[in-house]
file coords-v4.cif (mmCIF, C-alpha atoms)
data_entry
loop_
_atom_site.label_atom_id
_atom_site.label_comp_id
_atom_site.auth_asym_id
_atom_site.auth_seq_id
_atom_site.Cartn_x
_atom_site.Cartn_y
_atom_site.Cartn_z
CA MET T 1 119.54 110.46 54.99
CA THR T 2 121.76 108.66 57.44
CA GLN T 3 120.72 106.34 60.19
CA SER T 4 122.72 105.96 63.36
CA TYR T 5 123.44 102.32 64.01
CA ASN T 6 125.36 101.00 66.96
CA SER T 7 126.72 97.49 66.95
CA TYR T 8 127.81 95.52 69.99
CA PHE T 9 129.65 92.23 69.64
CA TYR T 10 129.56 89.39 72.13
CA SER T 11 130.86 85.88 72.39
CA LEU T 12 128.93 83.06 74.00
CA TYR T 13 128.19 79.38 73.43
CA GLY T 14 130.84 79.25 70.75
CA ILE T 15 129.29 81.89 68.49
CA THR T 16 129.73 85.62 67.95
CA ILE T 17 126.64 87.79 68.26
CA GLU T 18 126.16 91.25 66.79
CA SER T 19 123.44 93.25 68.51
CA ASP T 20 122.12 96.76 67.83
CA ARG T 21 121.56 97.17 71.57
CA ARG T 22 123.89 96.60 74.47
CA ILE T 23 123.27 93.30 76.25
CA PRO T 24 124.54 93.66 79.84
CA GLY T 25 126.59 90.87 81.32
CA LEU T 26 127.86 89.27 78.12
CA CYS T 27 131.50 88.85 77.24
CA PRO T 28 132.59 91.31 74.51
CA ALA T 29 133.99 89.97 71.26
CA SER T 30 135.73 91.35 68.20
CA ALA T 31 133.63 92.35 65.20
CA SER T 32 134.77 89.45 63.04
CA ASN T 33 133.11 86.15 62.14
CA VAL T 34 129.64 87.16 63.29
CA ASN T 35 127.32 84.13 63.46
CA LEU T 36 124.11 85.72 64.69
CA VAL T 37 122.69 89.21 64.17
CA VAL T 38 120.21 90.39 66.79
CA THR T 39 118.03 93.45 66.31
CA TRP T 40 115.72 94.97 68.92
CA HIS T 41 112.50 96.54 67.68
CA PRO T 42 110.48 99.10 69.66
CA GLU T 43 107.68 98.99 67.13
CA ALA T 44 104.77 96.57 67.22
CA ARG T 45 105.53 93.01 66.28
CA PRO T 46 104.67 91.89 62.75
CA GLY T 47 101.19 90.69 61.99
CA GLY T 48 100.26 87.78 59.78
CA ASP T 49 99.33 84.21 60.38
CA LEU T 50 101.34 82.23 62.85
CA ARG T 51 101.23 78.44 62.76
CA VAL T 52 101.70 77.40 66.39
CA PHE T 53 103.23 73.93 66.61
CA ARG T 54 104.07 73.64 70.31
CA GLN T 55 103.43 75.43 73.56
CA TRP T 56 104.14 74.98 77.21
CA GLY T 57 103.54 76.67 80.54
CA GLY T 58 100.37 78.15 81.99
CA VAL T 59 98.31 81.20 81.13
CA LYS T 60 100.80 83.74 82.55
CA ASP T 61 104.06 82.07 81.54
CA CYS T 62 103.00 80.47 78.27
CA VAL T 63 105.69 79.97 75.61
CA ARG T 64 104.49 79.35 72.06
CA PHE T 65 106.57 77.97 69.22
CA ALA T 66 105.28 78.97 65.80
CA ARG T 67 106.24 79.36 62.16
CA SER T 68 105.67 82.42 60.01
CA GLY T 69 106.80 81.74 56.48
CA THR T 70 110.28 80.28 56.89
CA ASP T 71 110.89 82.06 60.22
CA TYR T 72 110.50 80.54 63.65
CA VAL T 73 108.61 82.65 66.19
CA LEU T 74 109.00 82.18 69.93
CA GLN T 75 106.36 84.01 71.93
CA PHE T 76 106.91 84.48 75.65
CA GLU T 77 103.52 85.59 76.92
CA GLY T 78 103.65 89.16 78.19
CA VAL T 79 107.44 89.35 77.83
CA ALA T 80 108.68 89.30 74.24
CA ASP T 81 108.47 87.72 70.81
CA PHE T 82 111.58 86.53 68.99
CA TRP T 83 111.48 86.06 65.23
CA ALA T 84 114.35 83.88 64.09
CA ALA T 85 115.60 82.90 60.66
CA ALA T 86 115.37 79.15 60.13
CA ASP T 87 119.16 78.80 59.96
CA GLY T 88 119.57 80.61 63.29
CA SER T 89 121.59 83.46 61.73
CA ARG T 90 119.27 86.37 62.58
CA VAL T 91 116.80 87.22 65.36
CA ARG T 92 114.39 90.13 65.65
CA CYS T 93 113.26 90.87 69.20
CA TYR T 94 109.98 92.56 70.11
CA ALA T 95 109.65 93.24 73.84
CA SER T 96 106.24 93.86 75.38
CA ASP T 97 105.61 97.31 76.85
CA GLY T 98 106.78 97.89 80.40
CA VAL T 99 108.55 94.54 80.84
CA PRO T 100 111.78 94.71 82.88
CA GLU T 101 114.90 94.37 80.78
CA ASN T 102 116.17 91.35 82.73
CA ALA T 103 112.99 89.39 81.93
CA VAL T 104 113.45 90.01 78.21
CA GLN T 105 117.14 89.20 78.46
CA HIS T 106 116.35 85.93 80.27
CA ALA T 107 113.89 84.91 77.56
CA PHE T 108 116.49 85.68 74.91
CA LEU T 109 119.75 84.44 76.42
CA ASP T 110 118.58 81.47 78.42
CA GLN T 111 115.72 80.13 76.34
CA THR T 112 115.70 81.44 72.77
CA LEU T 113 119.42 81.40 72.11
CA PRO T 114 120.05 77.79 73.29
CA LEU T 115 117.17 76.66 71.08
CA LEU T 116 118.69 78.48 68.12
CA LEU T 117 122.00 76.68 68.63
CA SER T 118 120.27 73.50 67.48
CA ARG T 119 119.55 75.27 64.16
CA ARG T 120 123.28 75.96 63.85
CA SER T 121 124.26 72.31 64.44
CA ILE T 122 125.73 73.11 67.85
CA ALA T 123 124.80 70.57 70.51
CA ALA T 124 123.16 72.37 73.44
CA PHE T 125 122.12 70.63 76.65
CA HIS T 126 120.27 71.70 79.79
CA ALA T 127 123.39 71.70 81.95
CA SER T 128 125.38 74.03 84.17
CA THR T 129 129.12 73.70 83.72
CA VAL T 130 132.28 74.50 85.63
CA VAL T 131 135.94 74.13 84.74
CA CYS T 132 137.96 71.91 87.05
CA LYS T 133 141.64 71.03 86.66
CA PRO T 134 141.17 68.15 84.17
CA GLY T 135 138.42 69.88 82.15
CA ALA T 136 134.78 70.93 82.02
CA VAL T 137 132.35 69.24 84.39
CA ALA T 138 128.69 69.53 83.46
CA PHE T 139 125.69 69.02 85.72
CA SER T 140 122.62 68.29 83.66
CA GLY T 141 119.05 67.50 84.56
CA ARG T 142 115.56 68.81 84.76
CA SER T 143 114.67 72.11 86.39
CA GLY T 144 114.94 72.00 90.16
CA TYR T 145 117.35 69.05 90.33
CA GLY T 146 120.28 71.19 91.50
CA LYS T 147 122.34 71.92 88.38
CA SER T 148 122.98 75.56 89.19
CA THR T 149 123.42 74.91 92.91
CA LEU T 150 126.22 72.42 92.26
CA ALA T 151 127.83 74.65 89.64
CA CYS T 152 127.72 77.63 91.99
CA TYR T 153 129.30 75.63 94.82
CA PHE T 154 132.12 74.47 92.55
CA ALA T 155 132.59 77.99 91.16
CA ARG T 156 133.01 79.39 94.66
CA HIS T 157 135.49 76.64 95.53
CA GLY T 158 138.12 76.85 92.83
CA CYS T 159 136.34 75.65 89.68
CA PRO T 160 135.14 78.67 87.66
CA LEU T 161 131.68 78.78 86.12
CA LEU T 162 131.56 78.13 82.38
CA SER T 163 127.80 78.33 81.77
CA ASP T 164 124.47 78.09 83.55
CA ASP T 165 121.72 75.86 82.17
CA CYS T 166 123.14 75.69 78.68
CA LEU T 167 126.11 73.52 77.82
CA ALA T 168 127.13 74.19 74.21
CA LEU T 169 129.36 71.41 72.95
CA GLN T 170 131.44 71.40 69.81
CA LEU T 171 133.59 68.62 68.41
CA GLU T 172 137.17 69.82 67.99
CA ASP T 173 139.92 67.41 66.90
CA GLY T 174 137.82 64.46 68.01
CA LYS T 175 137.18 65.94 71.46
CA LEU T 176 133.97 67.34 72.89
CA VAL T 177 134.70 70.92 73.90
CA ALA T 178 132.44 72.94 76.21
CA GLN T 179 131.90 76.58 75.26
CA PRO T 180 131.57 79.49 77.71
CA GLY T 181 128.24 81.18 78.39
CA TYR T 182 128.19 84.35 80.46
CA PRO T 183 129.15 85.13 84.08
CA GLU T 184 125.80 84.82 85.79
CA ILE T 185 123.93 82.02 87.50
CA ARG T 186 120.29 81.61 88.48
CA LEU T 187 119.57 80.21 91.92
CA TRP T 188 116.61 79.36 94.10
CA GLN T 189 116.29 81.16 97.43
CA ASP T 190 117.40 78.13 99.52
CA SER T 191 120.51 77.63 97.39
CA LEU T 192 121.37 81.33 97.67
CA GLN T 193 121.12 81.17 101.45
CA LEU T 194 123.47 78.19 101.50
CA LEU T 195 126.00 79.40 98.95
CA ALA T 196 125.89 83.18 99.15
CA PRO T 197 124.17 84.27 102.37
CA ASP T 198 125.78 87.70 102.04
CA ALA T 199 124.45 88.32 98.53
CA GLY T 200 121.86 90.91 99.61
CA ASP T 201 118.95 91.89 97.38
CA LEU T 202 119.23 90.25 93.99
CA PRO T 203 117.07 90.70 90.90
CA HIS T 204 114.39 88.14 90.12
CA VAL T 205 114.93 86.27 86.86
CA SER T 206 111.36 87.02 85.80
CA ASP T 207 107.86 87.32 87.23
CA SER T 208 107.16 83.71 86.37
CA GLU T 209 110.38 82.22 87.71
CA ALA T 210 111.20 82.31 91.42
CA LYS T 211 114.95 82.32 90.88
CA PHE T 212 117.45 85.09 91.40
CA TYR T 213 120.34 86.23 89.25
CA TYR T 214 123.65 85.87 91.02
CA SER T 215 126.83 87.27 89.51
CA GLY T 216 129.04 87.40 92.54
CA GLY T 217 132.01 89.26 91.08
CA ASP T 218 135.19 87.85 92.58
CA LEU T 219 133.11 85.37 94.55
CA LEU T 220 131.82 83.73 91.38
CA PRO T 221 134.83 83.28 89.08
CA PHE T 222 134.01 82.79 85.42
CA ALA T 223 135.95 80.85 82.78
CA ASP T 224 135.76 82.71 79.49
CA ASN T 225 137.69 80.09 77.50
CA CYS T 226 136.37 76.80 76.20
CA ALA T 227 137.47 73.58 77.90
CA PRO T 228 137.47 69.89 76.92
CA LEU T 229 134.60 68.02 78.51
CA ARG T 230 135.69 65.85 81.43
CA ARG T 231 132.38 64.69 82.94
CA PHE T 232 128.69 64.95 82.05
CA TYR T 233 126.61 64.16 85.11
CA VAL T 234 122.90 63.52 84.70
CA LEU T 235 121.29 64.57 87.97
CA GLU T 236 118.52 62.33 89.23
CA PRO T 237 116.44 62.88 92.34
CA LYS T 238 117.04 60.89 95.48
CA ALA T 239 114.95 61.42 98.57
CA GLU T 240 117.42 59.97 101.09
CA GLY T 241 120.47 57.74 101.47
CA ASP T 242 123.94 58.34 100.16
CA LEU T 243 125.28 59.96 97.01
CA GLU T 244 125.52 57.57 94.04
CA ILE T 245 127.55 57.96 90.86
CA LEU T 246 127.01 55.31 88.21
CA PRO T 247 128.20 55.12 84.60
CA LEU T 248 125.49 55.66 81.98
CA ARG T 249 125.41 52.86 79.45
CA GLY T 250 123.19 51.45 76.75
CA ALA T 251 120.04 52.68 75.07
CA ASP T 252 118.66 54.00 78.34
CA SER T 253 121.55 56.45 78.61
CA LEU T 254 120.80 57.73 75.12
CA TYR T 255 117.17 58.43 76.02
CA LYS T 256 118.27 60.33 79.11
CA VAL T 257 120.78 62.45 77.23
CA ILE T 258 118.44 63.17 74.30
CA ALA T 259 115.80 64.44 76.73
CA LEU T 260 118.32 67.01 77.99
CA GLU T 261 119.04 68.51 74.59
CA PHE T 262 117.57 71.80 73.41
CA LEU T 263 115.37 71.16 70.37
CA LEU T 264 113.52 73.90 68.54
CA ASP T 265 111.63 71.99 65.87
CA SER T 266 110.75 68.39 66.63
CA ALA T 267 109.07 68.13 63.22
CA ASP T 268 112.31 68.82 61.34
CA PRO T 269 113.96 65.49 60.40
CA ALA T 270 117.38 67.14 60.02
CA GLU T 271 117.25 68.66 63.50
CA LEU T 272 115.96 65.41 65.02
CA SER T 273 118.69 63.44 63.33
CA LYS T 274 121.37 65.87 64.53
CA ASN T 275 119.90 65.63 68.02
CA LEU T 276 120.39 61.87 68.06
CA GLU T 277 123.88 62.22 66.60
CA ASN T 278 124.88 64.70 69.33
CA ALA T 279 123.54 62.48 72.10
CA GLU T 280 125.28 59.45 70.63
CA ALA T 281 128.62 61.28 70.51
CA LEU T 282 128.21 62.27 74.15
CA VAL T 283 127.24 58.79 75.34
CA ARG T 284 129.99 57.13 73.30
CA SER T 285 132.55 59.48 74.86
CA GLY T 286 132.22 57.48 78.09
CA LEU T 287 132.02 60.73 80.07
CA CYS T 288 128.36 60.37 81.10
CA TYR T 289 127.38 59.39 84.62
CA SER T 290 124.17 59.27 86.57
CA LEU T 291 124.45 61.43 89.70
CA ARG T 292 121.91 60.66 92.39
CA ILE T 293 122.30 63.30 95.02
CA PRO T 294 120.07 63.47 98.10
CA ARG T 295 118.26 66.78 98.58
CA ASP T 296 120.19 67.38 101.76
CA LEU T 297 121.81 70.80 101.73
CA GLY T 298 123.43 70.15 105.11
CA ASN T 299 125.77 67.57 103.57
CA PHE T 300 126.27 69.48 100.35
CA ALA T 301 129.96 70.25 100.87
CA GLY T 302 130.76 66.58 101.42
CA TYR T 303 128.86 65.52 98.33
CA ALA T 304 130.63 68.18 96.25
CA GLU T 305 134.04 66.93 97.42
CA ARG T 306 133.20 63.39 96.37
CA ILE T 307 131.91 64.53 92.99
CA ALA T 308 135.09 66.56 92.47
CA ALA T 309 137.20 63.50 93.34
CA HIS T 310 135.22 61.42 90.86
CA ALA T 311 135.91 64.05 88.18
CA GLY T 312 139.61 63.87 89.02
CA SER T 313 139.68 67.24 90.71
CA ASP T 314 139.14 68.78 94.09
CA VAL T 315 137.29 71.71 95.60
CA THR T 316 139.11 74.13 97.86
CA MET F 1 100.62 40.53 60.05
CA VAL F 2 103.97 39.71 58.47
CA SER F 3 104.21 37.32 55.55
CA GLU F 4 106.62 34.49 54.72
CA ASP F 5 106.44 35.53 51.05
CA LEU F 6 107.73 39.07 51.44
CA LYS F 7 111.03 40.66 52.24
CA TYR F 8 111.34 43.32 54.93
CA VAL F 9 113.71 46.26 55.09
CA ALA F 10 114.28 49.19 57.42
CA HIS F 11 112.25 52.25 56.49
CA GLU F 12 114.12 55.16 54.93
CA ASN F 13 112.81 57.92 57.20
CA LEU F 14 114.73 56.75 60.22
CA ALA F 15 117.91 57.43 62.10
CA ALA F 16 119.44 54.77 64.29
CA SER F 17 122.15 54.62 66.86
CA MET F 18 123.90 51.60 68.36
CA VAL F 19 125.14 52.02 71.91
CA ASP F 20 126.70 49.22 73.95
CA GLY F 21 125.11 46.64 71.65
CA GLU F 22 121.61 48.10 71.95
CA ALA F 23 119.82 50.02 69.22
CA VAL F 24 117.85 53.24 69.44
CA ILE F 25 115.73 53.98 66.40
CA LEU F 26 114.33 57.42 65.71
CA ASN F 27 111.32 57.79 63.44
CA LEU F 28 112.03 61.07 61.69
CA GLN F 29 108.40 61.44 60.68
CA ASP F 30 106.96 61.63 64.18
CA GLY F 31 110.02 62.12 66.39
CA ASN F 32 109.38 58.95 68.41
CA TYR F 33 112.20 56.77 69.67
CA TYR F 34 112.23 52.98 69.93
CA GLY F 35 114.73 50.78 71.70
CA LEU F 36 115.92 47.29 70.83
CA ASN F 37 117.90 44.94 73.05
CA ALA F 38 121.12 43.29 71.84
CA VAL F 39 119.36 40.54 69.84
CA GLY F 40 116.83 42.96 68.36
CA ALA F 41 119.69 45.32 67.49
CA GLU F 42 121.42 42.55 65.55
CA VAL F 43 118.23 41.80 63.61
CA TRP F 44 117.90 45.50 62.94
CA ARG F 45 121.37 45.54 61.39
CA TRP F 46 120.38 42.69 59.07
CA LEU F 47 117.27 44.63 58.04
CA ARG F 48 119.39 47.30 56.37
CA GLU F 49 119.04 45.03 53.34
CA PRO F 50 115.73 43.33 52.45
CA LYS F 51 115.34 39.93 54.14
CA THR F 52 112.67 37.24 54.28
CA ILE F 53 111.59 35.66 57.54
CA ASN F 54 113.45 32.48 56.59
CA GLU F 55 116.65 34.41 55.95
CA LEU F 56 116.39 36.16 59.31
CA VAL F 57 115.73 32.88 61.12
CA ARG F 58 118.82 31.34 59.51
CA LEU F 59 120.95 34.30 60.54
CA LEU F 60 119.58 34.26 64.08
CA THR F 61 120.15 30.53 64.66
CA ALA F 62 123.66 30.83 63.23
CA GLN F 63 124.60 33.65 65.57
CA PHE F 64 122.73 32.84 68.80
CA LYS F 65 122.04 29.63 70.70
CA VAL F 66 118.39 29.27 69.81
CA ASP F 67 116.35 26.55 68.07
CA SER F 68 114.71 27.43 64.78
CA GLY F 69 111.14 27.20 66.13
CA THR F 70 111.82 29.74 68.87
CA ALA F 71 113.83 31.90 66.48
CA ARG F 72 110.94 31.98 64.00
CA GLN F 73 108.45 32.98 66.72
CA ASP F 74 110.76 35.76 67.90
CA ILE F 75 111.43 37.05 64.38
CA VAL F 76 107.73 37.09 63.46
CA ARG F 77 106.88 38.93 66.68
CA LEU F 78 109.69 41.47 66.22
CA LEU F 79 108.85 42.14 62.56
CA GLY F 80 105.20 42.59 63.52
CA ASP F 81 106.17 45.17 66.16
CA LEU F 82 108.51 47.00 63.80
CA GLU F 83 105.97 47.06 61.00
CA ALA F 84 103.21 48.33 63.31
CA ARG F 85 105.48 51.23 64.29
CA HIS F 86 106.33 51.97 60.63
CA LEU F 87 109.99 51.18 61.20
CA ILE F 88 110.18 48.56 58.45
CA GLN F 89 108.36 48.07 55.21
CA ALA F 90 107.57 45.03 53.08
CA VAL F 91 109.10 44.80 49.64
CA PRO F 92 108.29 42.21 46.97
#
call {"tool": "encode", "arguments": {"input": "coords-v4.cif", "output": "structure tokens"}}
result
Amino acid sequence: MTQSYNSYFYSLYGITIESDRRIPGLCPASASNVNLVVTWHPEARPGGDLRVFRQWGGVKDCVRFARSGTDYVLQFEGVADFWAAADGSRVRCYASDGVPENAVQHAFLDQTLPLLLSRRSIAAFHASTVVCKPGAVAFSGRSGYGKSTLACYFARHGCPLLSDDCLALQLEDGKLVAQPGYPEIRLWQDSLQLLAPDAGDLPHVSDSEAKFYYSGGDLLPFADNCAPLRRFYVLEPKAEGDLEILPLRGADSLYKVIALEFLLDSADPAELSKNLENAEALVRSGLCYSLRIPRDLGNFAGYAERIAAHAGSDVT
Amino acid sequence: MVSEDLKYVAHENLAASMVDGEAVILNLQDGNYYGLNAVGAEVWRWLREPKTINELVRLLTAQFKVDSGTARQDIVRLLGDLEARHLIQAVP
């Protein structure tokens, strides 16, 4: 008996993924040096005892982190379950019935996969990244602080998008190198109106997230090659006043950077230790700055120009 | 309560990072982070090997402009904090 088996290969965040189902929007890769095998299962998810060790969100958008044997299980309520090998080399995906494909894809690409990078000793931060002339410029910070908005503005003004909300960093020849994600960005409605008023109807990221996918074709250039990190800006809220850019120094900077790292298992000493090591390397690089940007979309272009100048680049 | 008769040493289940003279200590058992200023970071470096309170006071007064009475008070307070957070342990 033979079984038909299709394989699709993709490259993102510095790894090569083999999937038995097409994943729209990802950059294709050759079939060599596969780091992660993804399989999609129409059947019911496995039973057995799950040991839940963390959860967040509300009733409708709850995300549970659990263990089953040696596997990690990420449960996105009403969307999908992802069963991952502890070394991050294999994921089994079980989508809930009737859930739109983009919601499942969002849970996998933007939440599960960055968390799995930490199991593969790849530093992954909540940051949206663009490539300017001197190198990669990352905007990091908590949700709603403007990471994607800044990245989208830069991308539409001469600095191609490298990744949205996941900066994967690898150390190559003593340099921190930012790895490409995929050519799509997630924006709030107000940012879309400012940056792409002609975008038309765009798909919602998911029922629980009021953002829209934007992949503006020629209007949103994408950099599909890695780039040395030039700046890592930590966005901090500022109600009014002028833009401020200050170097991040000392222990306080380390706390800020650690809080921005993806971490799957906070009870695993090896992962915790690697987390600290990654943050230390980033802070010691001298590339980290606090970016306090007023929530003033009317002056956004001016702020972006000053940020570009600080990064040693310009926006066109 | 720390004792003059014991030596103290950094716990094994920790990871630490020194940045710009300050120390950040990670307790790998519970995932909590602790910060030490420049003076505390220096004491932390000495605690990689077991030390008595007297030894730490001597090191502190030799390196910083501080009288021995103040240095002893500061060392006892710091060791008490570190011990309460399970970052150091007493050894005979």
call {"tool": "interface_residues", "arguments": {"input": "coords-v4.cif", "of": "chain T", "to": "chain F", "cutoff": "6 Å", "atoms": "all atoms listed in the file", "output": "short mmCIF file (atom, residue, chain, number, x, y, z; two decimals) with C-alpha atoms, in the coordinates of the input"}}
result
data_model
loop_
_atom_site.label_atom_id
_atom_site.label_comp_id
_atom_site.auth_asym_id
_atom_site.auth_seq_id
_atom_site.Cartn_x
_atom_site.Cartn_y
_atom_site.Cartn_z
CA GLY T 250 123.19 51.45 76.75
CA ALA T 251 120.04 52.68 75.07
CA PRO T 269 113.96 65.49 60.40
#
call {"tool": "residues_around", "arguments": {"input": "coords-v4.cif", "residues": "Glu4 of chain F", "least_positions_apart": "4", "cutoff": "12 Å", "atoms": "only C-alpha atoms", "output": "list in words"}}
result
Tyr8, Lys51, Thr52, Ile53, Asn54, Glu55, Leu56, Val57, Arg72, Ile75, Val76, Leu79, Ala90, Val91 and Pro92 of chain F
call {"tool": "atom_distance", "arguments": {"input": "coords-v4.cif", "atom1": "atom CA of Gly14 of chain T", "atom2": "atom CA of Gln170 of chain T"}}
result
7.9 Å
call {"tool": "closest_residue", "arguments": {"input": "coords-v4.cif", "among": "F:Val9, F:Ala71, F:Val66, F:Leu78", "to": "Arg45 of chain F", "atoms": "all atoms listed in the file"}}
result
F:Val9
call {"tool": "atom_distance", "arguments": {"input": "coords-v4.cif", "atom1": "atom CA of Phe222 of chain T", "atom2": "atom CA of Leu162 of chain T"}}
result
6.1 Å
call {"tool": "atom_distance", "arguments": {"input": "coords-v4.cif", "atom1": "atom CA of Glu277 of chain T", "atom2": "atom CA of Leu116 of chain T"}}
result
17.1 Å
call {"tool": "resolve_selection", "arguments": {"input": "coords-v4.cif", "expression": "the PyMOL selection byres ((chain T and resi 185) around 6)", "output": "compact mmCIF listing (two decimals) with C-alpha atoms, keeping the file's coordinate frame"}}
result
# COMPACT_ATOMS: atom_id res chain seq x y z
CA ASP T 164 124.47 78.09 83.55
CA GLU T 184 125.80 84.82 85.79
CA ARG T 186 120.29 81.61 88.48
CA TYR T 213 120.34 86.23 89.25
CA TYR T 214 123.65 85.87 91.02
call {"tool": "resolve_selection", "arguments": {"input": "coords-v4.cif", "expression": "the PyMOL selection byres ((chain T and resi 280) around 9)", "output": "number ranges by chain"}}
result
T: 254, 257-258, 275-279, 281-285; F: 17-19
call {"tool": "closest_residue", "arguments": {"input": "coords-v4.cif", "among": "T:Leu161, T:Ala44, T:Ala259, T:Val79", "to": "Glu101 of chain T", "atoms": "only C-alpha atoms"}}
result
T:Val79
call {"tool": "resolve_selection", "arguments": {"input": "coords-v4.cif", "expression": "the PyMOL selection byres ((chain T and resi 38) around 12)", "output": "MDAnalysis selection string"}}
result
chainID T and resid 6:10 16:23 34:37 39:41 82:85 88:94 108:109 112:113
call {"tool": "residues_around", "arguments": {"input": "coords-v4.cif", "residues": "Gly312 of chain T", "least_positions_apart": "3", "cutoff": "10 Å", "atoms": "all atoms listed in the file", "output": "PyMOL selection string"}}
result
chain T and resi 132-135+230-231+306-309
call {"tool": "residues_around", "arguments": {"input": "coords-v4.cif", "residues": "Val104 of chain T", "least_positions_apart": "5", "cutoff": "9 Å", "atoms": "all atoms listed in the file", "output": "list of chain:residue names"}}
result
T:Phe76, T:Val79, T:Ala80, T:Ala95, T:Ser96, T:Val99, T:Leu109, T:Ser206
call {"tool": "decode", "arguments": {"input": "coords-v4.cif", "residues": "segment 21-76 of chain F", "atoms": "C-alpha atoms", "output": "PDB file, in the first residue's frame"}}
result
ATOM      1  CA  GLY F  21      29.163  47.022  36.343  1.00  0.00           C
ATOM      2  CA  GLU F  22      25.771  45.856  37.610  1.00  0.00           C
ATOM      3  CA  ALA F  23      24.780  42.246  38.176  1.00  0.00           C
ATOM      4  CA  VAL F  24      21.605  40.441  37.209  1.00  0.00           C
ATOM      5  CA  ILE F  25      21.147  37.082  38.891  1.00  0.00           C
ATOM      6  CA  LEU F  26      18.691  34.514  37.617  1.00  0.00           C
ATOM      7  CA  ASN F  27      17.425  31.826  39.965  1.00  0.00           C
ATOM      8  CA  LEU F  28      17.051  28.846  37.653  1.00  0.00           C
ATOM      9  CA  GLN F  29      14.750  27.096  40.093  1.00  0.00           C
ATOM     10  CA  ASP F  30      11.969  29.674  40.041  1.00  0.00           C
ATOM     11  CA  GLY F  31      12.858  31.897  37.078  1.00  0.00           C
ATOM     12  CA  ASN F  32      13.089  35.057  39.198  1.00  0.00           C
ATOM     13  CA  TYR F  33      15.637  37.759  38.491  1.00  0.00           C
ATOM     14  CA  TYR F  34      17.500  39.877  41.040  1.00  0.00           C
ATOM     15  CA  GLY F  35      19.586  42.962  40.432  1.00  0.00           C
ATOM     16  CA  LEU F  36      22.657  44.202  42.287  1.00  0.00           C
ATOM     17  CA  ASN F  37      24.241  47.632  42.016  1.00  0.00           C
ATOM     18  CA  ALA F  38      27.961  48.070  41.310  1.00  0.00           C
ATOM     19  CA  VAL F  39      29.071  47.414  44.911  1.00  0.00           C
ATOM     20  CA  GLY F  40      26.710  44.454  45.309  1.00  0.00           C
ATOM     21  CA  ALA F  41      27.938  43.099  41.970  1.00  0.00           C
ATOM     22  CA  GLU F  42      31.531  43.186  43.226  1.00  0.00           C
ATOM     23  CA  VAL F  43      30.552  41.302  46.385  1.00  0.00           C
ATOM     24  CA  TRP F  44      28.714  38.823  44.210  1.00  0.00           C
ATOM     25  CA  ARG F  45      31.901  38.174  42.238  1.00  0.00           C
ATOM     26  CA  TRP F  46      33.763  37.442  45.479  1.00  0.00           C
ATOM     27  CA  LEU F  47      31.032  34.999  46.484  1.00  0.00           C
ATOM     28  CA  ARG F  48      31.946  32.674  43.630  1.00  0.00           C
ATOM     29  CA  GLU F  49      34.302  31.179  46.213  1.00  0.00           C
ATOM     30  CA  PRO F  50      33.240  30.627  49.852  1.00  0.00           C
ATOM     31  CA  LYS F  51      33.924  33.672  52.040  1.00  0.00           C
ATOM     32  CA  THR F  52      33.352  34.614  55.671  1.00  0.00           C
ATOM     33  CA  ILE F  53      31.854  37.944  56.665  1.00  0.00           C
ATOM     34  CA  ASN F  54      35.280  39.093  57.861  1.00  0.00           C
ATOM     35  CA  GLU F  55      36.869  38.217  54.534  1.00  0.00           C
ATOM     36  CA  LEU F  56      34.191  40.121  52.634  1.00  0.00           C
ATOM     37  CA  VAL F  57      34.561  43.163  54.903  1.00  0.00           C
ATOM     38  CA  ARG F  58      38.324  43.177  54.303  1.00  0.00           C
ATOM     39  CA  LEU F  59      37.823  42.991  50.552  1.00  0.00           C
ATOM     40  CA  LEU F  60      35.196  45.723  50.599  1.00  0.00           C
ATOM     41  CA  THR F  61      37.263  48.184  52.657  1.00  0.00           C
ATOM     42  CA  ALA F  62      40.284  47.516  50.450  1.00  0.00           C
ATOM     43  CA  GLN F  63      38.390  48.274  47.265  1.00  0.00           C
ATOM     44  CA  PHE F  64      35.953  51.032  48.265  1.00  0.00           C
ATOM     45  CA  LYS F  65      36.228  54.102  50.470  1.00  0.00           C
ATOM     46  CA  VAL F  66      34.227  52.819  53.406  1.00  0.00           C
ATOM     47  CA  ASP F  67      35.001  52.307  57.111  1.00  0.00           C
ATOM     48  CA  SER F  68      34.930  48.770  58.441  1.00  0.00           C
ATOM     49  CA  GLY F  69      31.862  49.328  60.648  1.00  0.00           C
ATOM     50  CA  THR F  70      29.737  50.507  57.735  1.00  0.00           C
ATOM     51  CA  ALA F  71      31.179  47.802  55.487  1.00  0.00           C
ATOM     52  CA  ARG F  72      30.249  45.099  58.012  1.00  0.00           C
ATOM     53  CA  GLN F  73      26.676  46.418  58.296  1.00  0.00           C
ATOM     54  CA  ASP F  74      26.324  46.475  54.506  1.00  0.00           C
ATOM     55  CA  ILE F  75      27.798  42.996  54.062  1.00  0.00           C
ATOM     56  CA  VAL F  76      25.572  41.468  56.760  1.00  0.00           C
TER      57      VAL F  76
END
